[in-house]
Amino acid sequence: MNKSEKLADLRHFLARYGLPADRPPIPLGVPAADAILGGGLRPGAVHEVFAGDWGASGFAACLAIQASRGKPLFWIRPDYEALEYGDLSATGLLELGGDPHNLFLLRAPDAAEALSAAADILACPHVGAVVLELCGAPRALDLVASRRLTLLAEESGVTLFVLREGARPEPSAAATRWQVSSLASDPLDDDWGAPRFIARLTRHRLGGLGDFTLEWNSEDGTFHQAAAHSGAVVSPPADRPAAAARLRRA
Amino acid sequence: MVAGRANNALTVYALNRSAQQLGLHPGQPLANARAMVEHLPVVPADEKSDLALLESIADWCDRFTPLASVDAPDGLLLDITGAAHLFGGEAAMLRQAREKIAAQGFAVQAAIAGTSLAARALARFAGGTIAKPGEDRIAVSLLPIAALDCGEDKLRALKRAGLKTIAQVAERGRAELTARLGALFLTRLHVMLGAEEKPLAPRRPLPDLSAARHFADPVTTQDVIAKSLHDLSKALSDILERQGQGLRLLEAVFFRADGKMQRIGIRTGAPLRDPDMMLRLLNQKLDALADPLDPGFGFDLIRLEARIAEETHPAETSFDADENAHRQIAYLADRLSARFGEHRVQRFVAQDTHIPEAQSAAVPAQDRDFDGIWTRKRRKTDPPLRPLRMLEKPEEIHFVAAEVPDGPPARFQWRQCRHDIVRAEGPERIALEWWRENPRRRLIPGSERLQRIKLKLLPSPVPPSRDYFRVETRAGMRFWVYRDGQHLHNDLAPRWYLHGIFA
C-alpha cells in the first residue's frame, strides 16, 4: 500500500468513524464507562442490548431517553413481543423521566416489517432515537440488514437501539453490544427500586470493553455508578468473555 | 326463470325473454307457471346476492355522480344535478350509462327526469325518455297507473274507479284522492308530477373536493396509471390551494371498464396539500395493499377525492426549524400509517383515571393533537412507581406465600419461574371508580339473591379493588403484583396477579 492509498484509507476511516462536530457523544454519566466509550455512546449508530432478564428493556428505554434529547422516540415492536413481554406503558416511561408526548409506538406485524420500518424511521433526521425490539433470532436480521441500518443511522444521526430478547449474540455491524441484567437494590438504601443494571460491554468497535453497574436516576435522566453493596453478587456466566479473562489471569 | 318465496308460496320472481313470450309473468305462483309450461328450468332466487350486485353497480355509478342510491330490488337512482355537462349533456350521459352497463351484460332501462319518482316511473315504463326541465308532468301523464307503484290494493281501487293513466288520476281533486287513498299517495303523486322533490339519500358522504380523469381506452400499463395519479394529485393540490384547504382523508378511486371499482383511502395527520407527498403516500399504500390493484381489462376512470378537507393556516410554509421538524415527523407518521395501517402507528394520550391500565391510551398517531397533561406518580426522590411494561392482561401468579396475612408475598411462581421476594412496598389500593358501576346497585331489593347474600350463603359483590405491591426479587428483578380485593372481602383465599415489570 503506497502513501496516497494509505491516506485515502485513513480519510475513509475518519469519515466513517470520526464523529462530526454537530454530533456530540451521549454521555452515560458514569465516568468509567464514558472513558471507555470515548465520551459517551456514539450518536447516529446502532447499539445492541441483549437481555439477560426482564431488566434489559428498561436499560434500552433509559439509553433511548438519553439519546433522544427531547426529540421523538420511536419504539418498534412486532406484535408477538407485546403478548410475551407486555405492553409498553407511557406512564412507565414518564416515571423513568421520559416524555410520553414524544413517544411513538409502531406495532409491526413481524420482524421483517419491523426492520424495514426501522429503516424508514432512521432515514428521518428529525427523529431522536429508535428502539427496535426483537425477540429470538429473526431470519430477516442478518449482517446485511444490520449494516444497512448502520449506514442509515450514520447518515441521519439518529441513534438506533436494538433490544434483543431471548437471543444469542451473532455477527452484526453494531457499534456497541451490551449484555444487560437487573441488579438488586442496595440493601442499605431505603428508597429502593431505582432501575439498576449490570451492563457488560461485550463488543465495542472503537475501544475497550468493560463491566459496569449502573443506576438510573429518573430525575436527572442520567446513569450513576451503582453503589457497591455487600449483598448477593450475581456471578458472571462461565461462557462469557469476562469469565474467560479471569480464568486466564488465574 | 327465477323463483322465490313470497307470501309463503313459491312465486315467479324474474323471467327471461323467452319465458315472457310463453305468457308467464312475474308474481305468478310457480305451480301455475309449471302447469302452463312443461319442463320449466327454475333457479331459486338469491335476493342477498342480487342486492350485493346492485350495490356494486351503484358503486360503479359513482363515476357519473357521487349521489347514487339503491332502489331495491332492481333499480338505481342517480342525482345528476350539475353533472350532465361533464358527459356532454343529458342525452349523451344517458346513452353512456346505458351502453356501459349493458356492456357488462345487464339489461338496462333508463330515463332522466326532474324528480326521482318521475325518473323511476319513466325508466320502468318508458325507457330512454328524457323529460325536459319542468315538464315532468307531461312526460309521465301518459304512463299507466301501475307506474305509480303504490301497492296492489290502491291500484285495484284506482282501476275500479276507471282510471287508467296517471294523467287521469292527476285530474281528480286533491280532497277526493286524499280521502280515498291517503295523504301519502297524494305526496307520491305530487313528487311524480314534479311538484315536489324527495331528496336521495347518498350512499356515502360526498367528498369535499375531487379531481378525475376519464380514459377513452381503458388503461392497463403501470406507467400511464402512475402518470395519471401524478397529474391528478397536482390537479387536486391546485384546487385545494385555491380553496385554502388541505386534505385529511384522501381517496383514490379506480373504476374498471368491466364494472369493478376499488377505493384506496389514506389518512393524514396534518392538512396536506403538497402533490408530491400525496403521491408518495398513495404509492406507499398501493405497494402495501394485501390484494394489489388489479387493472384487469383496464381502468377507464381514475379519481382522487379529498374526502375530508380542512382549512389550513395561511402561514403554512414556515422557515422555523422547529415547525419544520414537527411537520417532517407528522409526515413520517403518515407514511408509516399508510403502509402499516393507522392502528399500528400509535401515540399516547393521558387519561384522567386511576385504573393503571387505562391511564395511558394508545391511539393512532394521526388522530389529533396530543396536549393532554401527564402527571407523574413519583415525587422527586422516589424510584419509578409505575412499571415500564404492563401485561396486556394481568397474569395469575401461583404458590404465593405471604409472611403476614395482608402483607406482600414472600415468594411466588410466574411463568414456570420461582421468584423469592426480598423487598416489597405496598399495598397501594386501587379501586374501580365507584361512580362507573356499583355491582351492589344491580341487586333487586327484597330479591332472593339479596337475602342469600345477607345470610352469607352467597359472596357479596363488591366493586373490584386491587392491592398493588412493588416487589424486588433476589435476582434484582422488580415486579408489580396485586392481590384481588374481591376474594379478600368474601373470606376466600386471595388471588394474586402480576401486572407489570419495572425496569
# chains A, B, ... in the order shown; residues from 1 in each chain; ligands from 1
>>> select_by_dssp(residues="range 180-305 of chain B", states="alpha helix (DSSP H)", output="VMD selection string")
chain B and resid 180 to 181 183 to 192 222 to 243 275 to 288
>>> closest_atom_pairs(of="chain A", to="chain B", cutoff="8 Å", atoms="only C-alpha atoms", output="Markdown table")
| residue | atom | partner | partner_atom | distance |
| --- | --- | --- | --- | --- |
| A:Asp53 | CA | B:Met477 | CA | 7.9 |
| A:Trp54 | CA | B:Met477 | CA | 6.7 |
| A:Gly55 | CA | B:Ala503 | CA | 5.0 |
| A:Ala56 | CA | B:Ala503 | CA | 7.3 |
| A:Ser57 | CA | B:Ala503 | CA | 6.7 |
| A:Gly58 | CA | B:Ala503 | CA | 4.1 |
| A:Phe59 | CA | B:Ala503 | CA | 7.0 |
| A:Ala82 | CA | B:Glu392 | CA | 7.5 |
| A:Leu83 | CA | B:Glu392 | CA | 6.8 |
| A:Tyr85 | CA | B:Leu391 | CA | 7.0 |
| A:Gly86 | CA | B:Leu391 | CA | 4.0 |
| A:Asp87 | CA | B:Met390 | CA | 5.1 |
| A:Leu88 | CA | B:Arg389 | CA | 4.8 |
| A:Ser89 | CA | B:Leu388 | CA | 5.3 |
| A:Ala90 | CA | B:Ser360 | CA | 6.0 |
| A:Thr91 | CA | B:Ser360 | CA | 6.5 |
| A:Gly92 | CA | B:Leu388 | CA | 3.9 |
| A:Leu93 | CA | B:Leu388 | CA | 5.7 |
| A:Leu94 | CA | B:Arg376 | CA | 6.6 |
| A:Glu95 | CA | B:Pro384 | CA | 4.9 |
| A:Leu96 | CA | B:Pro384 | CA | 6.0 |
| A:Pro100 | CA | B:Phe348 | CA | 6.6 |
| A:His101 | CA | B:Phe370 | CA | 6.8 |
| A:Leu103 | CA | B:Arg347 | CA | 6.2 |
| A:Phe104 | CA | B:Arg347 | CA | 4.9 |
| A:Leu105 | CA | B:Gln346 | CA | 5.0 |
| A:Leu106 | CA | B:Val345 | CA | 4.6 |
| A:Arg107 | CA | B:Arg344 | CA | 4.9 |
| A:Ala108 | CA | B:Arg344 | CA | 6.8 |
| A:Ala117 | CA | B:Leu336 | CA | 7.4 |
| A:Ile121 | CA | B:Leu332 | CA | 7.3 |
| A:Cys124 | CA | B:Leu332 | CA | 7.6 |
| A:His126 | CA | B:Ala325 | CA | 5.6 |
| A:Val127 | CA | B:Ile329 | CA | 7.3 |
| A:Ser182 | CA | B:Gly476 | CA | 5.3 |
| A:Leu183 | CA | B:Gly476 | CA | 4.8 |
| A:Ala184 | CA | B:Gly476 | CA | 3.6 |
| A:Ser185 | CA | B:Gly476 | CA | 6.7 |
| A:Asp191 | CA | B:Asp382 | CA | 6.6 |
| A:Trp192 | CA | B:Pro383 | CA | 6.9 |
| A:Gly193 | CA | B:Pro383 | CA | 5.4 |
| A:Ala194 | CA | B:Pro383 | CA | 4.6 |
| A:Pro195 | CA | B:Ala503 | CA | 5.3 |
| A:Arg196 | CA | B:Ala503 | CA | 7.8 |
| A:Ser218 | CA | B:Pro383 | CA | 7.3 |
| A:Glu219 | CA | B:Lys380 | CA | 6.7 |
| A:Val234 | CA | B:Ala475 | CA | 7.7 |
>>> residues_around(residues="Gln245 in chain B", least_positions_apart="4", cutoff="9 Å", atoms="only C-alpha atoms", output="list in words")
Ile239, Leu240, Glu241, Pro271, Leu272, Arg273, Ala309, Glu310, Glu311, Thr312 and His313 of chain B
>>> residues_around(residues="range 142-151 of chain A", least_positions_apart="2", cutoff="6 Å", atoms="only C-alpha atoms", output="PyMOL selection string")
chain A and resi 45-46+140+153-154+172-173
>>> write_last_selection(atoms="N, CA and C atoms", output="mmCIF file, in the first residue's frame")
data_model
loop_
_atom_site.group_PDB
_atom_site.id
_atom_site.type_symbol
_atom_site.label_atom_id
_atom_site.label_comp_id
_atom_site.auth_asym_id
_atom_site.auth_seq_id
_atom_site.Cartn_x
_atom_site.Cartn_y
_atom_site.Cartn_z
ATOM 1 N N ALA A 45 -25.652 5.757 15.394
ATOM 2 C CA ALA A 45 -25.060 4.439 15.274
ATOM 3 C C ALA A 45 -26.060 3.417 15.794
ATOM 4 N N VAL A 46 -25.700 2.156 15.623
ATOM 5 C CA VAL A 46 -26.571 1.090 16.114
ATOM 6 C C VAL A 46 -25.955 0.510 17.374
ATOM 7 N N ALA A 140 -34.720 -12.294 9.218
ATOM 8 C CA ALA A 140 -34.513 -11.058 8.459
ATOM 9 C C ALA A 140 -33.342 -10.237 8.999
ATOM 10 N N ALA A 153 -28.346 5.079 9.936
ATOM 11 C CA ALA A 153 -28.218 5.815 11.192
ATOM 12 C C ALA A 153 -27.100 6.830 11.075
ATOM 13 N N GLU A 154 -25.985 6.399 10.434
ATOM 14 C CA GLU A 154 -24.844 7.278 10.288
ATOM 15 C C GLU A 154 -25.219 8.512 9.478
ATOM 16 N N SER A 172 -22.692 -8.714 13.791
ATOM 17 C CA SER A 172 -23.512 -7.586 13.367
ATOM 18 C C SER A 172 -22.610 -6.383 13.172
ATOM 19 N N ALA A 173 -23.180 -5.335 12.614
ATOM 20 C CA ALA A 173 -22.408 -4.124 12.337
ATOM 21 C C ALA A 173 -22.578 -3.094 13.441
#
>>> select_by_dssp(residues="range 246-305 of chain B", states="strand (DSSP E)", output="tab-separated table (two decimals) with N, CA and C atoms, in the first residue's frame")
chain	number	residue	atom	x	y	z
B	246	GLY	N	-56.47	21.97	3.05
B	246	GLY	CA	-55.57	20.84	2.96
B	246	GLY	C	-56.38	19.61	3.28
B	247	LEU	N	-56.00	18.46	2.73
B	247	LEU	CA	-56.86	17.29	2.93
B	247	LEU	C	-56.40	16.46	4.11
B	248	ARG	N	-57.36	15.87	4.78
B	248	ARG	CA	-57.07	14.98	5.90
B	248	ARG	C	-57.35	13.54	5.52
B	249	LEU	N	-58.24	13.33	4.56
B	249	LEU	CA	-58.54	11.98	4.12
B	249	LEU	C	-58.60	11.99	2.60
B	250	LEU	N	-57.67	11.25	2.01
B	250	LEU	CA	-57.59	11.20	0.55
B	250	LEU	C	-58.08	9.84	0.09
B	251	GLU	N	-58.88	9.83	-0.97
B	251	GLU	CA	-59.27	8.54	-1.52
B	251	GLU	C	-58.99	8.52	-3.00
B	252	ALA	N	-58.37	7.44	-3.42
B	252	ALA	CA	-58.18	7.23	-4.84
B	252	ALA	C	-59.19	6.18	-5.26
B	253	VAL	N	-59.97	6.48	-6.30
B	253	VAL	CA	-61.00	5.55	-6.75
B	253	VAL	C	-60.65	5.11	-8.17
B	254	PHE	N	-60.56	3.80	-8.33
B	254	PHE	CA	-60.23	3.25	-9.64
B	254	PHE	C	-61.44	2.53	-10.19
B	255	PHE	N	-61.93	2.97	-11.34
B	255	PHE	CA	-63.09	2.35	-11.96
B	255	PHE	C	-62.60	1.47	-13.09
B	256	ARG	N	-62.93	0.21	-13.02
B	256	ARG	CA	-62.51	-0.69	-14.09
B	256	ARG	C	-63.57	-0.72	-15.17
B	261	MET	N	-64.81	-1.69	-9.05
B	261	MET	CA	-64.13	-0.46	-8.65
B	261	MET	C	-63.45	-0.67	-7.32
B	262	GLN	N	-62.39	0.07	-7.11
B	262	GLN	CA	-61.58	-0.11	-5.91
B	262	GLN	C	-61.30	1.26	-5.30
B	263	ARG	N	-61.50	1.35	-4.00
B	263	ARG	CA	-61.21	2.61	-3.30
B	263	ARG	C	-60.02	2.41	-2.41
B	264	ILE	N	-59.13	3.36	-2.40
B	264	ILE	CA	-57.98	3.30	-1.51
B	264	ILE	C	-57.92	4.59	-0.71
B	265	GLY	N	-58.01	4.47	0.60
B	265	GLY	CA	-58.08	5.67	1.44
B	265	GLY	C	-56.79	5.88	2.21
B	266	ILE	N	-56.42	7.12	2.37
B	266	ILE	CA	-55.23	7.46	3.13
B	266	ILE	C	-55.56	8.62	4.05
B	267	ARG	N	-55.23	8.44	5.31
B	267	ARG	CA	-55.48	9.49	6.29
B	267	ARG	C	-54.18	10.25	6.51
B	268	THR	N	-54.26	11.51	6.75
B	268	THR	CA	-53.05	12.26	7.06
B	268	THR	C	-53.20	12.92	8.41
B	269	GLY	N	-52.06	13.13	9.06
B	269	GLY	CA	-52.08	13.68	10.41
B	269	GLY	C	-52.31	15.18	10.41
B	270	ALA	N	-51.83	15.85	9.38
B	270	ALA	CA	-51.98	17.30	9.29
B	270	ALA	C	-52.54	17.61	7.91
B	271	PRO	N	-53.26	18.73	7.74
B	271	PRO	CA	-53.79	19.06	6.42
B	271	PRO	C	-52.68	19.05	5.37
B	272	LEU	N	-52.91	18.34	4.30
B	272	LEU	CA	-51.86	18.11	3.31
B	272	LEU	C	-52.28	18.71	1.99
B	299	PHE	N	-58.51	0.42	-16.46
B	299	PHE	CA	-59.33	1.42	-15.79
B	299	PHE	C	-59.81	2.44	-16.82
B	300	ASP	N	-61.08	2.82	-16.75
B	300	ASP	CA	-61.48	3.89	-17.65
B	300	ASP	C	-61.74	5.18	-16.91
B	301	LEU	N	-61.59	5.15	-15.59
B	301	LEU	CA	-61.72	6.40	-14.84
B	301	LEU	C	-60.92	6.27	-13.55
B	302	ILE	N	-60.10	7.25	-13.30
B	302	ILE	CA	-59.38	7.30	-12.02
B	302	ILE	C	-59.72	8.64	-11.38
B	303	ARG	N	-60.05	8.60	-10.10
B	303	ARG	CA	-60.44	9.84	-9.46
B	303	ARG	C	-59.75	9.96	-8.10
B	304	LEU	N	-59.31	11.14	-7.79
B	304	LEU	CA	-58.76	11.42	-6.46
B	304	LEU	C	-59.77	12.29	-5.74
B	305	GLU	N	-60.13	11.90	-4.54
B	305	GLU	CA	-61.12	12.66	-3.79
B	305	GLU	C	-60.53	13.14	-2.48
>>> residues_around(residues="Phe212 in chain A", least_positions_apart="3", cutoff="8 Å", atoms="only C-alpha atoms", output="list in words")
Ala33, Ile198, Ala199, Arg200, Leu201 and Gln225 of chain A
>>> residues_around(residues="Gly52 in chain A", least_positions_apart="3", cutoff="7 Å", atoms="only C-alpha atoms", output="PyMOL selection string")
chain A and resi 56+179-181
>>> residues_around(residues="range 164-169 of chain A", least_positions_apart="2", cutoff="7 Å", atoms="only C-alpha atoms", output="list in words")
Val49, Phe50, Ala51, Glu133, Leu134, Cys135, Gly136, Ala137, Val162 and Pro171 of chain A
>>> atom_distance(atom1="CA of Ile453 in chain B", atom2="CA of Ile430 in chain B")
24.8 Å
>>> atom_distance(atom1="CA of Arg120 in chain B", atom2="CA of Pro66 in chain B")
18.3 Å
>>> closest_residue(among="B:Ala201, B:Ile57, B:Ala161, B:Val481", to="Ala102 in chain B", atoms="only C-alpha atoms")
B:Ile57
